[in-house]
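Reviewing the structure listed below.
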Amino acid sequence: MAINWFPGHMNVTKKAIIERMKEIDVVIEMLDARLPGSSANPMLAELTGTRKKLKVLNKQDVADAERTTAWLAWYNAQPDTQAIALDASDTAPAQRLIKACRELAPNRGGMAKPLRVLICGIPNVGKSTLMNTLVGKKAAKTGDEAGITKIEQRINLANDFYLFDTPGMLWPKITIEQGGYNLAASGAVGRNAYDEEEVALELLARLKGPYAALLAARYKLDDVAGIPTLHDDVLLTEIGRKRGAVMSGGRVNLQKAAEIVLNDFRSAILGPITLETPEEFAQWAAVAEEAEAERQRKKAARLNKKGSGRRHDDDDIEQAD
Ligand code: G4P
């Protein structure tokens, strides 16, 4: 795995989510619309169980609209699931969230059976921004009520609609190599977990096909049609040269070039981009699953071998006795 990411305290968060989940009707998972598959937390899927799910593809303003439509259709086709796209320019997101959640759980509502919703998301998907908008508007923050701690903040979006914030931090869980690179490119994992040059090269590998025109426009590259066939390191070198990331002697400073590419992607200067399609992501997931199954098979075989080795030793001891 190229991204070395081992966040702590996930077990504490997991326990807290399991506890909270008991009285939750709908789970909202906020995703980064630029990487809707990679920014989902696989652990959350396990914890959610059969509960209704609302996927919020946030930051749609910086994502590729066509791919967002494809992802919405993909999520909407899953059982007990709805998906909406959102961004911070929406000044009244509460109405959209309420509408979608009520559709998912039509049997809840009214003071006797308030709709209880949990909102989750890995860092950097824009959850705080959304929560601030929700709190700042009509919603009443009730985090200081007895029995409700500040980390388990509850917002009443309506008299019979309670929105609970995730207890603890839902870190990304990297199980798919390409997903790890996409998370690193987006800035969702800590800087110490990866090598910027490697992540920039992977990012260019993802961009050079579908977004060659955006790269050409931003970095003033002449041959747009040729971009998809360039080696990633040639492309990074060319970008570095065009942006003046050159050391004495004329060599391109690849570290600087990588920082430029990553910053441009994160700040959306390149243009609206989505790093993965549902089909691509499903393919990566299948490969990762097969690799994991193979790892488990090898582990089991190793343990078996060790076990039978031990039995032979025991036989020897018994014979010696
Ligand atoms: P988090 O709680 O999920 O960790 O995310 P947070 O709200 O802190 O947002 C992470 C970054 O994403 C912030 O940028 C925020 O401004 C930006 N952001 C949030 N929602 C949207 C959106 O809908 N569209 C776009 N384009 N960006 C969004 P930052 O650079 O880290 O901080 P700053 O710009 O707020 O200073």
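FYI, nothing fancy with the structure tokens labels: chains A, B, ... in order, residues from 1 per chain, ligands from 1 as they appear.
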Using 7 Å as the limit and counting only C-alpha atoms and all ligand atoms, can you tabulate each residue of chain A that touches ligand 1, with its shortest atom-to-atom distance in Å and the two atoms involved, as a tab-separated table?
residue	atom	partner	partner_atom_place_in_ligand_line	distance
A:Asn58	CA	ligand 1	23 (O)	5.4
A:Lys59	CA	ligand 1	23 (O)	3.5
A:Gln60	CA	ligand 1	23 (O)	6.4
A:Asp61	CA	ligand 1	24 (N)	5.7
A:Val62	CA	ligand 1	26 (N)	5.4
A:Leu86	CA	ligand 1	23 (O)	6.4
A:Asp87	CA	ligand 1	23 (O)	3.1
A:Ala88	CA	ligand 1	23 (O)	3.6
A:Ser89	CA	ligand 1	23 (O)	6.5
A:Gly121	CA	ligand 1	3 (O)	6.3
A:Ile122	CA	ligand 1	3 (O)	6.2
A:Pro123	CA	ligand 1	4 (O)	3.7
A:Asn124	CA	ligand 1	4 (O)	3.5
A:Val125	CA	ligand 1	3 (O)	4.0
A:Gly126	CA	ligand 1	5 (O)	3.2
A:Lys127	CA	ligand 1	3 (O)	3.8
A:Ser128	CA	ligand 1	2 (O)	3.6
A:Thr129	CA	ligand 1	7 (O)	3.7
A:Leu130	CA	ligand 1	7 (O)	6.5
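Excluding Ala285 (chain A) and any residue on its chain fewer than 6 positions from it, the residues at most 12 Å away by only C-alpha atoms are Gly37, Ser38, Pro42, Ile174, Thr175, Ile176, Glu177, Gln178, Gly179, Gly180, Glu276, Pro278, Glu279, Ala291 and Glu292 of chain A.
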Neighbours of Tyr181 (chain A) within 8 Å (only C-alpha atoms; same-chain residues fewer than 3 positions away dropped), as a compact mmCIF listing (two decimals) with N, CA, C and O atoms, in the first residue's frame?
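Contents of part.txt, freshly written:
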# COMPACT_ATOMS: atom_id res chain seq x y z
N ALA A 2 0.67 2.10 -0.94
CA ALA A 2 1.56 3.23 -1.08
C ALA A 2 1.29 4.33 -0.07
O ALA A 2 2.17 5.10 0.26
N ILE A 3 0.05 4.40 0.43
CA ILE A 3 -0.25 5.45 1.40
C ILE A 3 -0.21 4.83 2.79
O ILE A 3 -0.97 3.93 3.11
N GLU A 177 -5.80 0.70 -3.11
CA GLU A 177 -4.60 1.50 -3.35
C GLU A 177 -4.91 2.81 -4.09
O GLU A 177 -4.50 3.89 -3.67
N GLN A 178 -5.67 2.71 -5.18
CA GLN A 178 -5.99 3.92 -5.96
C GLN A 178 -6.80 4.90 -5.11
O GLN A 178 -6.67 6.11 -5.25
N ALA A 184 -5.24 11.06 -0.76
CA ALA A 184 -4.06 11.89 -0.50
C ALA A 184 -4.08 13.13 -1.40
O ALA A 184 -3.81 14.25 -0.94
N ALA A 185 -4.45 12.95 -2.66
CA ALA A 185 -4.50 14.09 -3.59
C ALA A 185 -5.51 15.13 -3.11
O ALA A 185 -5.30 16.33 -3.23
N VAL A 199 2.26 10.94 -5.17
CA VAL A 199 0.81 11.22 -5.25
C VAL A 199 0.52 12.11 -6.45
O VAL A 199 -0.47 11.90 -7.16
N GLU A 202 0.51 9.97 -9.57
CA GLU A 202 -0.74 9.20 -9.66
C GLU A 202 -1.90 10.10 -10.06
O GLU A 202 -2.78 9.71 -10.82
N LEU A 203 -1.89 11.32 -9.51
CA LEU A 203 -2.95 12.27 -9.85
C LEU A 203 -2.90 12.59 -11.35
O LEU A 203 -3.93 12.57 -12.04
For this session: Write down as number ranges by chain the residues of region 24-200 of chain A whose backbone DSSP state falls under helix (DSSP H, G or I).
Result: A: 42-48, 60-62, 65-76, 93-104, 127-136, 177-186, 191-193, 196-200
For this session: Find, counting only C-alpha atoms, the residue in A:Leu31, A:Gln78, A:Ala213, A:Lys22 that gets nearest to Leu57 (chain A).
Result: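 Residue with the minimum atom-to-atom distance to Leu57 (chain A): A:Leu31.
The interatomic distance for the pair CA of Leu157 (chain A) and CA of Leu47 (chain A) works out to 24.1 Å.
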Exercise. DSSP says strand (DSSP E) for which residues of region 41-74 of chain A? Put them as a ChimeraX atom specification?
Worked result: /A:52-58
For this session: Please identify all polymer residues within 12 Å of Val224 (chain A), counting only C-alpha atoms, omitting same-chain residues fewer than 2 positions from it, and present them as JSON, numbers by chain.
Result: {"A": [208, 209, 210, 211, 212, 213, 214, 215, 216, 217, 218, 219, 220, 221, 222, 226, 227, 228, 229, 230, 235]}
Using only all heavy atoms, please write the residues we just selected to a file, as a short mmCIF file (atom, residue, chain, number, x, y, z; two decimals), in the first residue's frame.
data_model
loop_
_atom_site.label_atom_id
_atom_site.label_comp_id
_atom_site.auth_asym_id
_atom_site.auth_seq_id
_atom_site.Cartn_x
_atom_site.Cartn_y
_atom_site.Cartn_z
N LYS A 208 -4.70 12.83 -16.97
CA LYS A 208 -4.21 13.07 -18.34
C LYS A 208 -5.15 12.54 -19.42
O LYS A 208 -5.13 13.06 -20.53
CB LYS A 208 -2.79 12.52 -18.52
CG LYS A 208 -2.69 11.01 -18.47
CD LYS A 208 -1.24 10.58 -18.58
CE LYS A 208 -1.15 9.06 -18.56
NZ LYS A 208 0.22 8.58 -18.55
N GLY A 209 -5.97 11.54 -19.08
CA GLY A 209 -6.93 11.04 -20.06
C GLY A 209 -8.13 11.96 -20.17
O GLY A 209 -8.27 12.75 -21.13
N PRO A 210 -9.01 11.95 -19.14
CA PRO A 210 -10.26 12.71 -19.26
C PRO A 210 -10.09 14.23 -19.15
O PRO A 210 -10.96 14.97 -19.61
CB PRO A 210 -11.09 12.19 -18.07
CG PRO A 210 -10.12 11.61 -17.11
CD PRO A 210 -8.96 11.13 -17.91
N TYR A 211 -9.01 14.69 -18.55
CA TYR A 211 -8.90 16.14 -18.31
C TYR A 211 -7.65 16.75 -18.96
O TYR A 211 -7.09 17.73 -18.45
CB TYR A 211 -8.92 16.42 -16.80
CG TYR A 211 -10.18 15.89 -16.14
CD1 TYR A 211 -10.13 14.83 -15.24
CD2 TYR A 211 -11.43 16.42 -16.45
CE1 TYR A 211 -11.30 14.33 -14.65
CE2 TYR A 211 -12.59 15.92 -15.88
CZ TYR A 211 -12.51 14.87 -14.99
OH TYR A 211 -13.67 14.38 -14.41
N ALA A 212 -7.24 16.18 -20.10
CA ALA A 212 -6.06 16.68 -20.80
C ALA A 212 -6.22 18.17 -21.16
O ALA A 212 -5.28 18.96 -21.04
CB ALA A 212 -5.82 15.86 -22.06
N ALA A 213 -7.43 18.54 -21.56
CA ALA A 213 -7.65 19.94 -21.98
C ALA A 213 -7.47 20.90 -20.80
O ALA A 213 -6.93 22.00 -20.95
CB ALA A 213 -9.06 20.08 -22.57
N LEU A 214 -7.90 20.47 -19.61
CA LEU A 214 -7.73 21.33 -18.42
C LEU A 214 -6.25 21.48 -18.08
O LEU A 214 -5.79 22.57 -17.73
CB LEU A 214 -8.49 20.75 -17.23
CG LEU A 214 -10.02 20.66 -17.33
CD1 LEU A 214 -10.62 20.12 -16.03
CD2 LEU A 214 -10.62 22.05 -17.63
N LEU A 215 -5.50 20.38 -18.21
CA LEU A 215 -4.05 20.43 -17.92
C LEU A 215 -3.36 21.35 -18.93
O LEU A 215 -2.53 22.18 -18.58
CB LEU A 215 -3.44 19.03 -18.00
CG LEU A 215 -3.81 18.05 -16.89
CD1 LEU A 215 -3.25 16.65 -17.18
CD2 LEU A 215 -3.29 18.53 -15.53
N ALA A 216 -3.75 21.20 -20.21
CA ALA A 216 -3.12 22.00 -21.27
C ALA A 216 -3.39 23.49 -21.03
O ALA A 216 -2.49 24.32 -21.17
CB ALA A 216 -3.67 21.57 -22.62
N ALA A 217 -4.63 23.80 -20.62
CA ALA A 217 -4.99 25.20 -20.43
C ALA A 217 -4.24 25.80 -19.23
O ALA A 217 -3.69 26.89 -19.30
CB ALA A 217 -6.50 25.31 -20.20
N ARG A 218 -4.20 25.06 -18.15
CA ARG A 218 -3.57 25.58 -16.93
C ARG A 218 -2.06 25.74 -17.08
O ARG A 218 -1.47 26.72 -16.63
CB ARG A 218 -3.90 24.64 -15.75
CG ARG A 218 -3.16 24.95 -14.46
CD ARG A 218 -3.68 26.22 -13.81
NE ARG A 218 -2.94 26.56 -12.62
CZ ARG A 218 -2.84 27.78 -12.12
NH1 ARG A 218 -3.44 28.79 -12.71
NH2 ARG A 218 -2.15 28.02 -11.03
N TYR A 219 -1.43 24.71 -17.73
CA TYR A 219 0.04 24.71 -17.76
C TYR A 219 0.59 25.10 -19.13
O TYR A 219 1.78 24.93 -19.40
CB TYR A 219 0.56 23.34 -17.32
CG TYR A 219 0.08 22.99 -15.91
CD1 TYR A 219 -0.76 21.91 -15.68
CD2 TYR A 219 0.44 23.80 -14.83
CE1 TYR A 219 -1.22 21.62 -14.40
CE2 TYR A 219 -0.01 23.52 -13.54
CZ TYR A 219 -0.85 22.43 -13.34
OH TYR A 219 -1.30 22.16 -12.08
N LYS A 220 -0.30 25.60 -19.97
CA LYS A 220 0.12 26.07 -21.30
C LYS A 220 0.92 24.99 -22.05
O LYS A 220 2.01 25.22 -22.56
CB LYS A 220 0.92 27.35 -21.20
CG LYS A 220 0.13 28.45 -20.47
CD LYS A 220 0.79 29.80 -20.56
CE LYS A 220 -0.08 30.92 -20.07
NZ LYS A 220 -0.83 30.68 -18.84
N LEU A 221 0.36 23.78 -22.06
CA LEU A 221 1.00 22.68 -22.78
C LEU A 221 0.45 22.70 -24.21
O LEU A 221 -0.76 22.88 -24.41
CB LEU A 221 0.68 21.34 -22.10
CG LEU A 221 1.00 21.27 -20.60
CD1 LEU A 221 0.49 19.99 -19.98
CD2 LEU A 221 2.50 21.42 -20.36
N ASP A 222 1.34 22.51 -25.19
CA ASP A 222 0.93 22.72 -26.58
C ASP A 222 0.10 21.58 -27.17
O ASP A 222 -0.96 21.80 -27.72
CB ASP A 222 2.17 22.93 -27.47
CG ASP A 222 2.98 24.12 -26.95
OD1 ASP A 222 2.32 25.07 -26.47
OD2 ASP A 222 4.22 24.08 -27.00
N GLY A 226 -1.68 14.87 -27.42
CA GLY A 226 -0.59 13.97 -27.03
C GLY A 226 -0.50 13.74 -25.52
O GLY A 226 0.19 12.82 -25.06
N ILE A 227 -1.19 14.57 -24.74
CA ILE A 227 -1.05 14.49 -23.26
C ILE A 227 -1.38 13.09 -22.71
O ILE A 227 -0.63 12.57 -21.89
CB ILE A 227 -1.90 15.60 -22.57
CG1 ILE A 227 -1.25 16.96 -22.83
CG2 ILE A 227 -2.03 15.34 -21.06
CD1 ILE A 227 -2.00 18.14 -22.27
N PRO A 228 -2.49 12.46 -23.15
CA PRO A 228 -2.81 11.15 -22.56
C PRO A 228 -1.72 10.10 -22.78
O PRO A 228 -1.63 9.14 -22.01
CB PRO A 228 -4.10 10.74 -23.30
CG PRO A 228 -4.69 12.02 -23.77
CD PRO A 228 -3.53 12.91 -24.09
N THR A 229 -0.87 10.27 -23.78
CA THR A 229 0.14 9.24 -24.05
C THR A 229 1.47 9.55 -23.36
O THR A 229 2.40 8.74 -23.40
CB THR A 229 0.40 9.11 -25.57
OG1 THR A 229 0.88 10.39 -26.03
CG2 THR A 229 -0.86 8.74 -26.32
N LEU A 230 1.58 10.72 -22.73
CA LEU A 230 2.84 11.07 -22.06
C LEU A 230 3.03 10.23 -20.81
O LEU A 230 2.07 9.93 -20.11
CB LEU A 230 2.82 12.55 -21.64
CG LEU A 230 2.97 13.62 -22.71
CD1 LEU A 230 2.92 15.00 -22.05
CD2 LEU A 230 4.27 13.44 -23.48
N LEU A 235 5.27 14.30 -17.93
CA LEU A 235 4.24 15.33 -17.78
C LEU A 235 4.54 16.22 -16.57
O LEU A 235 4.47 17.45 -16.65
CB LEU A 235 2.87 14.63 -17.61
CG LEU A 235 1.62 15.48 -17.59
CD1 LEU A 235 1.55 16.44 -18.77
CD2 LEU A 235 0.36 14.59 -17.58
#
